[in-house]
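Structure data follow from target_8.cif (mmCIF, C-alpha atoms and all ligand atoms):
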```cif
data_coords
loop_
_atom_site.label_atom_id
_atom_site.label_comp_id
_atom_site.auth_asym_id
_atom_site.auth_seq_id
_atom_site.Cartn_x
_atom_site.Cartn_y
_atom_site.Cartn_z
CA MET A 34 7.49 17.11 -55.67
CA LYS A 35 7.20 20.92 -55.73
CA TYR A 36 7.76 22.59 -52.35
CA ILE A 37 9.13 19.32 -50.92
CA ASP A 38 12.18 18.16 -52.90
CA GLU A 39 13.76 21.60 -53.18
CA PHE A 40 13.42 22.07 -49.41
CA ARG A 41 15.09 18.71 -48.67
CA HIS A 42 17.94 19.09 -51.10
CA ALA A 43 21.20 17.87 -49.53
CA ASP A 44 23.40 20.45 -51.28
CA SER A 45 21.18 23.31 -50.10
CA VAL A 46 21.28 21.96 -46.54
CA LYS A 47 25.07 21.68 -46.66
CA ARG A 48 25.49 25.19 -48.09
CA LEU A 49 23.22 26.71 -45.46
CA ALA A 50 25.02 24.91 -42.63
CA GLU A 51 28.35 26.25 -43.92
CA THR A 52 26.95 29.78 -44.12
CA ILE A 53 25.68 29.56 -40.54
CA HIS A 54 29.18 28.44 -39.44
CA THR A 55 30.64 31.46 -41.23
CA ILE A 56 28.42 34.07 -39.58
CA THR A 57 28.38 32.65 -36.03
CA GLN A 58 30.71 34.59 -33.73
CA HIS A 59 29.05 34.10 -30.34
CA THR A 60 27.19 31.48 -28.31
CA TRP A 61 23.43 31.41 -28.88
CA THR A 62 20.42 29.41 -27.73
CA ILE A 63 17.38 29.30 -29.99
CA MET A 64 14.08 27.50 -29.59
CA GLU A 65 11.87 25.99 -32.24
CA VAL A 66 8.30 26.32 -31.04
CA CYS A 67 6.60 23.61 -33.07
CA GLY A 68 6.73 19.85 -32.51
CA GLY A 69 6.73 19.29 -36.29
CA GLN A 70 9.92 21.35 -36.51
CA THR A 71 11.39 19.35 -33.61
CA HIS A 72 10.83 16.14 -35.55
CA THR A 73 12.50 17.57 -38.68
CA ILE A 74 15.50 18.76 -36.64
CA VAL A 75 15.96 15.44 -34.85
CA ARG A 76 15.14 13.25 -37.85
CA TYR A 77 17.63 14.95 -40.18
CA GLY A 78 20.19 15.73 -37.46
CA LEU A 79 20.08 19.43 -38.33
CA ASP A 80 21.22 20.49 -34.85
CA ARG A 81 24.37 18.38 -35.39
CA LEU A 82 25.21 20.32 -38.55
CA LEU A 83 25.29 23.62 -36.64
CA PRO A 84 28.31 25.16 -34.91
CA SER A 85 28.71 23.95 -31.33
CA ALA A 86 28.13 27.58 -30.26
CA ILE A 87 24.46 27.25 -31.28
CA GLU A 88 22.17 25.22 -29.09
CA VAL A 89 18.72 24.37 -30.40
CA ILE A 90 16.17 23.66 -27.68
CA HIS A 91 12.66 22.34 -28.14
CA GLY A 92 9.54 24.24 -27.18
CA PRO A 93 5.93 23.65 -26.11
CA GLY A 94 4.51 23.32 -29.62
CA CYS A 95 2.94 19.88 -29.33
CA PRO A 96 -0.77 20.47 -28.68
CA VAL A 97 -1.36 16.90 -27.56
CA CYS A 98 1.48 17.19 -25.03
CA VAL A 99 0.15 20.36 -23.41
CA THR A 100 -3.50 19.27 -23.17
CA PRO A 101 -4.08 19.29 -19.41
CA ILE A 102 -4.58 16.03 -17.63
CA HIS A 103 -8.02 17.03 -16.27
CA MET A 104 -9.27 17.48 -19.86
CA ILE A 105 -8.10 13.97 -20.76
CA ASP A 106 -9.84 12.69 -17.62
CA ALA A 107 -12.98 14.58 -18.68
CA ALA A 108 -12.80 13.05 -22.18
CA CYS A 109 -12.45 9.56 -20.64
CA GLN A 110 -15.44 10.11 -18.38
CA ILE A 111 -17.59 11.52 -21.18
CA ALA A 112 -16.68 8.56 -23.41
CA LYS A 113 -18.10 6.20 -20.77
CA ILE A 114 -21.53 7.87 -20.78
CA PRO A 115 -24.08 5.63 -22.55
CA ASP A 116 -25.14 6.85 -26.01
CA VAL A 117 -22.13 9.15 -26.30
CA ILE A 118 -19.66 8.83 -29.17
CA LEU A 119 -16.41 10.64 -28.38
CA CYS A 120 -14.45 11.73 -31.47
CA SER A 121 -10.75 12.46 -31.09
CA PHE A 122 -7.65 12.92 -33.21
CA GLY A 123 -5.67 9.65 -33.12
CA ASP A 124 -2.74 11.20 -31.25
CA MET A 125 -4.87 11.76 -28.15
CA LEU A 126 -5.98 8.15 -27.72
CA ARG A 127 -2.89 6.91 -25.90
CA VAL A 128 -2.07 10.04 -23.91
CA PRO A 129 -2.20 9.06 -20.24
CA GLY A 130 -4.81 10.72 -18.03
CA SER A 131 -4.57 10.49 -14.26
CA GLU A 132 -5.92 6.92 -14.29
CA GLU A 133 -6.45 5.79 -17.87
CA ASP A 134 -6.34 6.81 -21.52
CA LEU A 135 -9.02 6.95 -24.20
CA LEU A 136 -7.82 3.73 -25.82
CA GLY A 137 -8.34 1.97 -22.48
CA VAL A 138 -11.84 3.42 -22.24
CA LYS A 139 -12.53 2.16 -25.77
CA ALA A 140 -11.27 -1.31 -24.80
CA GLN A 141 -13.76 -1.30 -21.91
CA GLY A 142 -16.64 -0.58 -24.30
CA GLY A 143 -16.66 3.21 -24.55
CA ASP A 144 -17.49 4.44 -28.04
CA VAL A 145 -14.31 6.35 -28.89
CA ARG A 146 -13.72 7.07 -32.56
CA MET A 147 -10.76 8.54 -34.39
CA MET A 148 -11.57 11.58 -36.51
CA TYR A 149 -9.52 13.22 -39.22
CA SER A 150 -11.48 16.48 -39.12
CA PRO A 151 -14.00 18.00 -36.69
CA LEU A 152 -16.41 18.04 -39.63
CA ASP A 153 -16.38 14.20 -39.45
CA ALA A 154 -17.95 14.55 -36.00
CA VAL A 155 -20.69 16.82 -37.34
CA ALA A 156 -21.45 14.26 -40.10
CA LEU A 157 -21.63 11.55 -37.43
CA ALA A 158 -24.08 13.62 -35.39
CA HIS A 159 -26.23 14.09 -38.48
CA ALA A 160 -26.16 10.36 -39.23
CA HIS A 161 -26.89 9.26 -35.63
CA PRO A 162 -29.63 11.48 -34.15
CA ASP A 163 -30.10 8.90 -31.37
CA ARG A 164 -26.51 9.34 -30.13
CA HIS A 165 -24.68 12.36 -28.72
CA ILE A 166 -21.42 13.19 -30.48
CA VAL A 167 -18.66 14.91 -28.50
CA CYS A 168 -15.70 16.30 -30.42
CA PHE A 169 -12.46 16.53 -28.40
CA ALA A 170 -11.11 19.82 -29.73
CA VAL A 171 -7.35 19.89 -29.26
CA GLY A 172 -4.75 21.99 -31.04
CA PHE A 173 -3.21 25.39 -31.64
CA GLU A 174 -4.45 28.21 -33.86
CA THR A 175 -3.93 25.84 -36.81
CA THR A 176 -6.85 23.52 -36.04
CA ALA A 177 -9.16 26.08 -34.44
CA PRO A 178 -10.75 27.23 -37.77
CA ALA A 179 -11.92 23.69 -38.64
CA GLN A 180 -13.30 23.31 -35.13
CA ALA A 181 -15.11 26.64 -35.39
CA MET A 182 -16.53 25.55 -38.77
CA ALA A 183 -17.82 22.34 -37.15
CA VAL A 184 -19.69 24.35 -34.51
CA LEU A 185 -21.14 26.67 -37.18
CA GLN A 186 -22.22 23.68 -39.29
CA ALA A 187 -23.88 22.02 -36.29
CA HIS A 188 -25.64 25.31 -35.55
CA GLU A 189 -26.80 25.66 -39.16
CA LYS A 190 -28.09 22.08 -39.22
CA GLN A 191 -29.76 22.69 -35.83
CA LEU A 192 -28.08 19.62 -34.40
CA THR A 193 -28.82 19.20 -30.71
CA ASN A 194 -26.74 16.03 -30.36
CA PHE A 195 -23.32 17.60 -30.96
CA SER A 196 -20.96 19.25 -28.50
CA VAL A 197 -17.29 20.12 -28.17
CA LEU A 198 -14.80 19.50 -25.38
CA VAL A 199 -12.61 22.52 -26.00
CA ALA A 200 -8.90 22.33 -25.16
CA HIS A 201 -7.50 24.70 -27.77
CA VAL A 202 -4.36 26.66 -26.87
CA LEU A 203 -2.60 29.69 -28.32
CA VAL A 204 1.10 30.02 -29.05
CA PRO A 205 2.08 33.66 -28.27
CA PRO A 206 1.20 33.49 -24.53
CA ALA A 207 3.35 30.35 -24.20
CA MET A 208 6.31 32.12 -25.80
CA GLU A 209 5.85 35.02 -23.39
CA ALA A 210 5.70 32.62 -20.42
CA ILE A 211 9.01 31.06 -21.50
CA LEU A 212 10.62 34.49 -21.86
CA ASP A 213 9.24 35.59 -18.48
CA SER A 214 10.63 32.53 -16.70
CA SER A 215 13.61 33.18 -14.40
CA SER A 216 15.30 30.12 -15.94
CA ASN A 217 14.80 31.24 -19.52
CA ARG A 218 17.72 30.62 -21.89
CA VAL A 219 15.96 31.38 -25.19
CA GLN A 220 17.57 34.18 -27.21
CA GLY A 221 15.72 33.65 -30.49
CA PHE A 222 12.66 31.77 -31.73
CA LEU A 223 11.75 29.81 -34.82
CA ALA A 224 7.98 30.42 -34.87
CA ALA A 225 5.64 27.77 -36.26
CA GLY A 226 4.82 28.39 -39.92
CA HIS A 227 1.40 26.71 -39.93
CA VAL A 228 0.18 28.71 -36.93
CA CYS A 229 1.22 31.90 -38.71
CA THR A 230 -0.47 30.78 -41.92
CA ILE A 231 -3.72 31.21 -39.99
CA MET A 232 -2.92 34.00 -37.53
CA GLY A 233 -0.22 35.91 -39.37
CA TYR A 234 2.67 37.24 -37.32
CA GLU A 235 1.60 40.67 -36.16
CA ALA A 236 1.00 39.24 -32.66
CA TYR A 237 4.72 38.40 -32.42
CA GLU A 238 5.91 41.93 -33.13
CA PRO A 239 5.25 43.31 -29.61
CA ILE A 240 6.91 40.19 -28.15
CA ALA A 241 10.07 40.68 -30.25
CA LYS A 242 10.16 44.33 -29.22
CA ARG A 243 9.38 43.87 -25.53
CA TYR A 244 11.80 40.98 -24.92
CA GLN A 245 14.33 42.08 -27.56
CA VAL A 246 14.26 38.63 -29.11
CA PRO A 247 14.36 37.78 -32.82
CA ILE A 248 11.44 35.69 -34.06
CA VAL A 249 11.57 34.08 -37.49
CA VAL A 250 8.43 32.44 -38.90
CA THR A 251 9.79 29.15 -40.23
CA GLY A 252 8.56 26.18 -42.27
CA PHE A 253 9.04 22.49 -41.64
CA GLU A 254 11.49 21.07 -44.17
CA PRO A 255 15.27 20.87 -43.53
CA VAL A 256 16.07 23.86 -45.76
CA ASP A 257 13.29 25.88 -44.08
CA ILE A 258 14.68 25.14 -40.63
CA LEU A 259 18.27 26.02 -41.53
CA GLU A 260 17.15 29.20 -43.30
CA GLY A 261 15.20 30.10 -40.15
CA VAL A 262 18.26 29.42 -37.98
CA TYR A 263 20.40 31.51 -40.35
CA MET A 264 17.96 34.44 -40.12
CA VAL A 265 17.81 34.26 -36.31
CA ILE A 266 21.61 34.05 -35.97
CA GLN A 267 22.07 36.90 -38.44
CA GLN A 268 19.80 39.06 -36.26
CA LEU A 269 21.50 38.00 -33.02
CA GLU A 270 24.98 38.67 -34.40
CA THR A 271 23.92 42.15 -35.52
CA ALA A 272 21.94 42.97 -32.33
CA ARG A 273 18.59 43.13 -34.11
CA HIS A 274 15.30 41.78 -32.70
CA GLU A 275 12.61 41.73 -35.35
CA VAL A 276 9.97 39.42 -36.68
CA GLU A 277 11.00 38.00 -40.05
CA ASN A 278 9.26 35.54 -42.32
CA GLN A 279 11.19 32.61 -43.80
CA TYR A 280 7.99 30.74 -44.75
CA THR A 281 6.89 33.23 -47.41
CA ARG A 282 5.37 30.52 -49.62
CA SER A 283 2.61 30.09 -47.05
CA VAL A 284 2.55 32.99 -44.56
CA GLN A 285 1.46 36.59 -44.92
CA ARG A 286 1.82 39.17 -42.13
CA SER A 287 -1.93 39.41 -41.50
CA GLY A 288 -2.57 35.66 -41.95
CA ASN A 289 -5.80 34.14 -43.21
CA LEU A 290 -8.43 36.74 -42.36
CA GLU A 291 -11.40 34.53 -43.21
CA ALA A 292 -10.12 31.76 -40.91
CA GLN A 293 -9.57 34.33 -38.14
CA ARG A 294 -13.11 35.66 -38.65
CA VAL A 295 -14.61 32.18 -38.20
CA VAL A 296 -12.52 31.47 -35.10
CA ASN A 297 -13.40 34.84 -33.53
CA LYS A 298 -17.07 34.30 -34.25
CA VAL A 299 -17.18 31.03 -32.31
CA PHE A 300 -14.41 31.34 -29.71
CA GLU A 301 -13.02 33.85 -27.24
CA THR A 302 -9.76 33.69 -25.30
CA SER A 303 -9.54 32.41 -21.76
CA ASP A 304 -6.91 31.42 -19.22
CA ARG A 305 -5.81 27.80 -19.79
CA ILE A 306 -3.81 25.19 -17.90
CA TRP A 307 -0.98 23.70 -19.97
CA ARG A 308 0.08 20.20 -18.98
CA GLY A 309 3.38 20.24 -17.17
CA ILE A 310 3.57 24.04 -17.32
CA GLY A 311 0.59 25.40 -15.41
CA GLU A 312 -1.99 28.10 -16.01
CA LEU A 313 -1.14 30.75 -18.60
CA PRO A 314 -3.33 33.86 -18.92
CA HIS A 315 -5.32 34.25 -22.15
CA SER A 316 -3.67 31.17 -23.61
CA GLY A 317 -6.75 29.13 -24.51
CA LEU A 318 -10.02 29.31 -26.41
CA ILE A 319 -13.53 28.77 -25.05
CA LEU A 320 -16.87 28.92 -26.83
CA ARG A 321 -18.53 32.32 -26.90
CA GLU A 322 -21.75 32.72 -24.93
CA SER A 323 -23.88 32.39 -28.09
CA TYR A 324 -22.41 28.92 -28.76
CA ARG A 325 -22.24 27.61 -25.16
CA ASP A 326 -25.01 25.10 -25.92
CA TYR A 327 -22.28 23.19 -27.73
CA ASP A 328 -20.00 23.09 -24.69
CA ALA A 329 -19.56 19.44 -23.62
CA MET A 330 -18.46 20.49 -20.12
CA GLN A 331 -21.67 22.46 -19.69
CA ARG A 332 -23.71 19.53 -20.95
CA PHE A 333 -21.97 16.67 -19.13
CA GLY A 334 -20.01 18.35 -16.33
CA HIS A 335 -22.62 17.43 -13.72
CA LEU A 336 -22.25 13.71 -14.60
CA MET A 337 -18.50 13.66 -14.17
CA LYS A 338 -16.64 12.96 -10.97
CA SER A 339 -13.88 15.36 -9.95
CA LYS A 340 -14.83 17.83 -12.66
CA ASN A 341 -13.21 20.63 -10.71
CA SER A 342 -10.07 18.79 -9.74
CA HIS A 343 -6.92 19.55 -11.67
CA HIS A 344 -4.75 16.48 -11.34
CA THR A 345 -1.05 17.05 -11.49
CA ASP A 346 1.24 14.94 -13.62
CA ASP A 347 2.99 11.84 -12.49
CA SER A 348 6.20 13.06 -10.84
CA GLU A 349 8.25 10.55 -12.87
CA CYS A 350 7.47 12.43 -16.06
CA GLN A 351 9.42 15.64 -16.57
CA SER A 352 7.46 16.76 -19.61
CA GLY A 353 7.04 20.27 -18.17
CA LEU A 354 10.80 20.79 -18.30
CA VAL A 355 11.02 19.21 -21.77
CA LEU A 356 8.19 21.43 -23.07
CA GLN A 357 9.92 24.56 -21.77
CA GLY A 358 13.26 23.62 -23.30
CA GLN A 359 14.92 23.14 -19.92
CA LEU A 360 15.57 19.41 -20.38
CA LYS A 361 16.37 17.35 -23.48
CA PRO A 362 14.27 14.17 -23.66
CA SER A 363 17.36 11.96 -23.46
CA GLU A 364 18.27 13.69 -20.15
CA CYS A 365 15.06 12.41 -18.51
CA ALA A 366 15.89 9.46 -16.25
CA ALA A 367 12.88 7.51 -17.52
CA PHE A 368 13.64 8.01 -21.23
CA GLY A 369 13.81 4.69 -23.07
CA THR A 370 13.61 2.68 -19.84
CA GLN A 371 10.40 3.16 -17.83
CA CYS A 372 9.08 5.43 -20.58
CA THR A 373 8.82 4.15 -24.14
CA PRO A 374 6.21 4.58 -26.92
CA ASP A 375 4.66 1.25 -25.83
CA HIS A 376 4.58 2.27 -22.16
CA PRO A 377 4.53 6.09 -22.14
CA LEU A 378 4.69 7.97 -18.86
CA GLY A 379 3.93 11.27 -20.55
CA ALA A 380 2.33 12.73 -23.63
CA PRO A 381 5.61 13.77 -25.37
CA MET A 382 6.44 10.07 -25.76
CA VAL A 383 3.21 9.20 -27.60
CA SER A 384 2.33 12.26 -29.63
CA SER A 385 3.52 12.29 -33.25
CA GLU A 386 4.80 15.82 -32.50
CA GLY A 387 6.26 14.99 -29.08
CA ALA A 388 9.97 15.71 -28.51
CA CYS A 389 10.47 12.50 -26.50
CA ALA A 390 8.94 10.44 -29.32
CA ALA A 391 11.29 12.14 -31.80
CA TYR A 392 14.36 11.34 -29.70
CA TYR A 393 13.21 7.76 -29.16
CA ARG A 394 12.53 7.22 -32.86
CA TYR A 395 15.62 8.86 -34.33
CA ARG A 396 18.25 9.00 -31.61
CA LYS A 397 17.82 6.08 -29.25
S1 LIG A 401 10.86 10.60 -21.58
FE1 LIG A 401 8.82 10.05 -20.86
S2 LIG A 401 8.86 10.45 -18.65
FE2 LIG A 401 10.57 11.58 -19.57
S3 LIG A 401 9.73 13.60 -20.02
FE3 LIG A 401 9.48 12.37 -21.87
S4 LIG A 401 7.40 11.55 -21.70
FE4 LIG A 401 7.96 12.27 -19.65
#
```
Show me, as structure tokens, the structure contained in the file I just sent.
Amino acid sequence: MKYIDEFRHADSVKRLAETIHTITQHTWTIMEVCGGQTHTIVRYGLDRLLPSAIEVIHGPGCPVCVTPIHMIDAACQIAKIPDVILCSFGDMLRVPGSEEDLLGVKAQGGDVRMMYSPLDAVALAHAHPDRHIVCFAVGFETTAPAQAMAVLQAHEKQLTNFSVLVAHVLVPPAMEAILDSSSNRVQGFLAAGHVCTIMGYEAYEPIAKRYQVPIVVTGFEPVDILEGVYMVIQQLETARHEVENQYTRSVQRSGNLEAQRVVNKVFETSDRIWRGIGELPHSGLILRESYRDYDAMQRFGHLMKSKNSHHTDDSECQSGLVLQGQLKPSECAAFGTQCTPDHPLGAPMVSSEGACAAYYRYRK
């Protein structure tokens, strides 16, 4: 299959790994930002093909994992309200809140439905004028355009029975928070190709300059990842710190301008709490004033208990350290014992992009 087979070709992977061995003279630590890249690295053992001088650590790029616990609690409470249908991506259903998860709420009779696109939720609202449809909007810049389109469609159709529980987060502020941390070890980044397909990579250029860190926009197949690693190491070994684009088959510097226009029309940036990490300035999206009628928190906040409380995570789960690359999943004491995909203590063990799930699936 075009764009798949050639990027999984064993000979190309082997050649790239050998080239990386040849150019590596020093010890380096690089972080892949995206959970999809984490799964490729762990699944194909790409980190084990690299010189021992290169450590690959995993970043906060799993949107399900960083959705704050109080938003999951809010989704659970909204799903219990009579006449509400709560639509969510499947990954979110088993993510533990402070007391329960959405699948548990569904088992108790809450109307929780799995959606494949936010536009499914709009269609549901159109088909069920007697019910109120709440769309649990989770994700990075990648999924924000579809969510914005859903709000615009609902507005166009004059639907009054549709709202959005917005938990969207943005990648660049998280990278800056990692680089600002006193315990930071990251010397180079593989940036997430799909995020840059939408947003481009201009926003990374001041980060590369300010922190003197190479950032390479990278795809998701084994050859992509190793090419991205090669480009980062080449920069590090020659004392350069630029933004480069490995994922040229999908990403342009300015991104998808039409998608950005739609997102900017509906959303504005806001401070956001990241699960396990804390509050990061300007790292989330909220609905603009002109679309606040579609804000589920505005509509249902008064019905929810503890709407202002921000529960902290269970202390057993060290997902905050995993998401900041300070702990490998297999180094967590609960990994594979108290915490498994059947009995997850934290979101990284249930999300399809979670680092703990990747280690459990491919390395346990
Ligand atoms: S293994 Fe489980 S408990 Fe440990 S960090 Fe991952 S999700 Fe949390």
Worksheet item: Near Asp106 in chain A, within 8 Å and counting only C-alpha atoms, which residues show up once chain neighbours fewer than 6 positions away are dropped, as a PyMOL selection string?
Response: chain A and resi 130-134
Export, as a PDB file, in the frame of the given file, the selected residues with C-alpha atoms.
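Just written: out-v8.pdb:
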```pdb
ATOM      1  CA  GLY A 130      -4.810  10.720 -18.030  1.00  0.00           C
ATOM      2  CA  SER A 131      -4.570  10.490 -14.260  1.00  0.00           C
ATOM      3  CA  GLU A 132      -5.920   6.920 -14.290  1.00  0.00           C
ATOM      4  CA  GLU A 133      -6.450   5.790 -17.870  1.00  0.00           C
ATOM      5  CA  ASP A 134      -6.340   6.810 -21.520  1.00  0.00           C
TER       6      ASP A 134
END
```
Worksheet entry | Contact residues around range 259-271 of chain A with all atoms listed in the file at 10 Å, ignoring same-chain residues under 3 positions, as a PyMOL selection string | chain A and resi 45-50+52-54+56-65+74+79-80+82-83+87+89+220-224+245-256+274-280
Item to complete: May I ask you to write as an MDAnalysis selection string all residues lying at most 9 Å from ligand LIG 401 (chain A), with all atoms listed in the file counted?
Response: chainID A and resid 98 347:356 360:374 376:383 387:390 392:393
Item to complete: Fewer than 2 positions away in the same chain doesn't count, so skip those; otherwise give me all residues within 6 Å of Leu135 in chain A, counting all atoms listed in the file, as a VMD selection string.
Response: chain A and resid 109 126 137 to 138
Store the residues picked out above in a file with C-alpha atoms, as a PDB file, in the frame of the given file.
```
ATOM      1  CA  CYS A 109     -12.450   9.560 -20.640  1.00  0.00           C
ATOM      2  CA  LEU A 126      -5.980   8.150 -27.720  1.00  0.00           C
ATOM      3  CA  GLY A 137      -8.340   1.970 -22.480  1.00  0.00           C
ATOM      4  CA  VAL A 138     -11.840   3.420 -22.240  1.00  0.00           C
TER       5      VAL A 138
END
```
With all atoms listed in the file counted and 10 Å as the cut-off, give the residues of range 158-195 of chain A in contact with range 302-320 of chain A, each with its shortest interatomic distance in Å and the pair that gives it, as JSON lines.
```
{"residue": "A:Gly172", "atom": "CA", "partner": "A:Gly317", "partner_atom": "CA", "distance": 9.9}
{"residue": "A:Phe173", "atom": "CA", "partner": "A:Gly317", "partner_atom": "CA", "distance": 8.8}
{"residue": "A:Glu174", "atom": "CA", "partner": "A:Leu318", "partner_atom": "CA", "distance": 9.4}
{"residue": "A:Ala177", "atom": "CA", "partner": "A:Leu318", "partner_atom": "CA", "distance": 8.7}
{"residue": "A:Ala181", "atom": "CA", "partner": "A:Leu320", "partner_atom": "CA", "distance": 9.0}
{"residue": "A:Val184", "atom": "CA", "partner": "A:Leu320", "partner_atom": "CA", "distance": 9.4}
```
Discussion item. Given the point (-24.2, 11.3, -25.3) in the coordinates of this file, which residues lie within 7 Å, counting only C-alpha atoms, and how would they look as a list in words?
Written reply: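 Residues close enough to count: Ile114, Pro115, Asp116, Val117, Ile118, Arg164, His165 and Ile166 of chain A.
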Practice prompt. Name the closest residue to Met337 in chain A among the candidates A:Arg81, A:Thr73, A:Val66, A:Ala108; distances are taken between atoms, counting only C-alpha atoms.
Written response: A:Ala108
